[in-house]
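Visitor: Structure provided below as structure tokens; questions to follow.
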Amino acid sequence: MVDLHIHTSCSDGSLPPVEVVERAAARNLRAVAITDHDTVDGNADAIAAGRRLGVDVVPGVEISTHWEGTTFHLLGYGLRRRPERVRSTFAFLEESRRQRTPRMVEKLQGLGLDVTLDDVVREANGSLIGRPHFARVLLRKGLVSTFQEAFDRYLKRGAAAYVHKERLSPAAAAELIGEAGGIAVLAHPGLIDSERPGFLPELLTHLTGLGLAGLEAHYSGHSPEETARYVSLARQTGLLVTGGSDFHRPGEGGPEMGTGFGGLRVPDSCYEELARRIAAFDRADGRRQE
Ligand code: AMP
Ligand code: ZN
Ligand code: FE
Ligand code: FE
């Protein structure tokens, strides 16, 4: 079993990178990828833990990008380098996120809700603050009755407490991933199809022009029919097939590492082909640098 889409407490997951890898080992996962939102901070600890525990760890990232009116996520895999330009781009994304937090608190307070900056900071417990942390504060305080209600009423785009955060263009995200030594994969196409039916073919044409390497056909939220459709779409388009759970935390009804909502089964071959592609990219890159 493998899982190529996992969050840690460096973004909005609950487990620190080492505990993520311990969980992977306990669940008999052979390989995992760490794909935190807009940060690579968890990768080094996860790789070290993987060596100790016999789990292959692919250093990755999940970058929010925006194109033609739609937001979607690009996964980067095999990120082992942090030249200055990569560092400064990640710093810019973090800063944009930091600036958003107090403005969202103000908006919630303006709506008469008792939410303070301190509540959110405490909820995040040292991680980069994201909207899921806000949702959990609202839920804990009884201001909404479900996590989803927090998004629908306050946090989703266009809702009352939404504040825009800078996002990279897919071109900039693909360039960032390449400069960090990685390859780019389009995350959870099922979410794109449900948010904007008919957009995916146009998006894939644009992204393959930017060097897109793969499509996340296996995903917790995909039905078996969707998975089959995305696997064949990837094959037709010459893209690698990848997959993962989008694990954030144990329990609470979210997807579990490796198995998602129960029906997820990412073939080991997805990891093997990804690893081969990353190694090939390395060799080509080494030649360029000679
Ligand atoms: P942020 O990085 O702060 O923009 O938050 C993004 C995260 O919020 C996503 O990875 C999802 O986990 C969650 N999210 C975004 N939009 C929604 C939504 N409409 N409903 C539920 N969760 C959402
Ligand atoms: Zn997340
Ligand atoms: Fe995502
Ligand atoms: Fe994710």
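By convention here, the chains of the structure tokens are called A, B, ... in the order presented, each chain's residues are numbered starting at 1, and ligands are numbered starting at 1 in the order presented.
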Can you list every residue in range 80-280 of chain A that DSSP puts in helix (DSSP H, G or I), as a ChimeraX atom specification?
Guide: /A:84-110,117-124,131-140,147-155,170-179,189-195,200-209,224-237,268-280
Visitor: Counting only C-alpha atoms, what is within 12 Å of Asp45 in chain A, bar same-chain residues fewer than 2 positions away, as an MDAnalysis selection string?
Guide: chainID A and resid 8:10 16:22 34 40:43 47:52 57:59
Visitor: Which protein, DNA or RNA residues have an atom within 12 Å of ligand 3, counting only C-alpha atoms and all ligand atoms, as a ChimeraX atom specification?
Guide: /A:5-7,11-12,35-38,61-65,71-76,185-192,216,219-221,244-248
Visitor: Please dump the current selection as an mmCIF file, in the first residue's frame; keep C-alpha atoms.
Guide:
```cif
data_model
loop_
_atom_site.group_PDB
_atom_site.id
_atom_site.type_symbol
_atom_site.label_atom_id
_atom_site.label_comp_id
_atom_site.auth_asym_id
_atom_site.auth_seq_id
_atom_site.Cartn_x
_atom_site.Cartn_y
_atom_site.Cartn_z
ATOM 1 C CA HIS A 5 -1.108 12.794 -0.552
ATOM 2 C CA ILE A 6 -0.652 13.435 3.174
ATOM 3 C CA HIS A 7 -0.706 16.561 5.357
ATOM 4 C CA SER A 11 0.175 22.847 7.356
ATOM 5 C CA ASP A 12 -3.319 21.934 8.543
ATOM 6 C CA THR A 35 2.183 17.176 0.577
ATOM 7 C CA ASP A 36 1.595 20.091 2.929
ATOM 8 C CA HIS A 37 -0.171 23.211 1.661
ATOM 9 C CA ASP A 38 2.332 25.763 0.369
ATOM 10 C CA VAL A 61 4.094 19.991 -1.516
ATOM 11 C CA GLU A 62 0.519 20.957 -2.481
ATOM 12 C CA ILE A 63 0.312 24.399 -4.027
ATOM 13 C CA SER A 64 -2.938 26.349 -4.457
ATOM 14 C CA THR A 65 -3.056 27.913 -7.895
ATOM 15 C CA THR A 71 -8.681 27.529 -8.021
ATOM 16 C CA PHE A 72 -7.092 24.100 -8.056
ATOM 17 C CA HIS A 73 -4.122 22.351 -6.457
ATOM 18 C CA LEU A 74 -0.830 21.248 -7.964
ATOM 19 C CA LEU A 75 1.164 18.592 -6.162
ATOM 20 C CA GLY A 76 4.961 18.713 -6.386
ATOM 21 C CA VAL A 185 0.854 16.513 -10.689
ATOM 22 C CA LEU A 186 -2.724 17.820 -10.858
ATOM 23 C CA ALA A 187 -4.477 17.044 -7.545
ATOM 24 C CA HIS A 188 -7.990 15.598 -7.118
ATOM 25 C CA PRO A 189 -9.504 16.228 -10.567
ATOM 26 C CA GLY A 190 -12.880 15.109 -9.214
ATOM 27 C CA LEU A 191 -13.122 18.325 -7.200
ATOM 28 C CA ILE A 192 -12.448 20.364 -10.342
ATOM 29 C CA GLU A 216 -4.092 12.185 -9.176
ATOM 30 C CA TYR A 219 -8.298 9.953 -4.425
ATOM 31 C CA SER A 220 -10.446 9.486 -1.322
ATOM 32 C CA GLY A 221 -13.278 11.548 -2.760
ATOM 33 C CA GLY A 244 -3.427 9.511 -2.232
ATOM 34 C CA SER A 245 -5.853 9.960 0.625
ATOM 35 C CA ASP A 246 -5.473 13.648 1.598
ATOM 36 C CA PHE A 247 -5.095 12.444 5.186
ATOM 37 C CA HIS A 248 -5.135 15.333 7.696
#
```
Visitor: So, counting only C-alpha atoms, which residue among A:Gly251, A:Gly238, A:Gly198, A:Gly243 is closest to Ser14 in chain A?
Guide: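 Between A:Gly251, A:Gly238, A:Gly198, A:Gly243, the residue approaching Ser14 in chain A most closely is A:Gly251.
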Visitor: Which chains and residue numbers are within 8 Å of ligand 1, counting only C-alpha atoms and all ligand atoms, if I want them as a PyMOL selection string?
Guide: chain A and resi 12+37+64+97+129-132+147-148+151-152+155-157+165
Visitor: Keeping C-alpha atoms, export the residues of the selection given above as a short mmCIF file (atom, residue, chain, number, x, y, z; two decimals), in the first residue's frame.
Guide:
```
data_model
loop_
_atom_site.label_atom_id
_atom_site.label_comp_id
_atom_site.auth_asym_id
_atom_site.auth_seq_id
_atom_site.Cartn_x
_atom_site.Cartn_y
_atom_site.Cartn_z
CA ASP A 12 -3.32 21.93 8.54
CA HIS A 37 -0.17 23.21 1.66
CA SER A 64 -2.94 26.35 -4.46
CA ARG A 97 -1.31 33.48 4.59
CA ILE A 129 -2.89 28.92 9.85
CA GLY A 130 -5.47 27.84 7.31
CA ARG A 131 -9.22 28.05 7.01
CA PRO A 132 -9.70 24.57 8.52
CA PHE A 147 -17.15 21.74 9.96
CA GLN A 148 -18.79 22.05 6.55
CA PHE A 151 -17.11 26.80 5.26
CA ASP A 152 -20.53 27.21 3.71
CA LEU A 155 -15.13 30.57 5.02
CA LYS A 156 -15.61 29.49 1.42
CA ARG A 157 -14.89 31.84 -1.42
CA LYS A 165 -4.98 35.02 -0.32
#
```
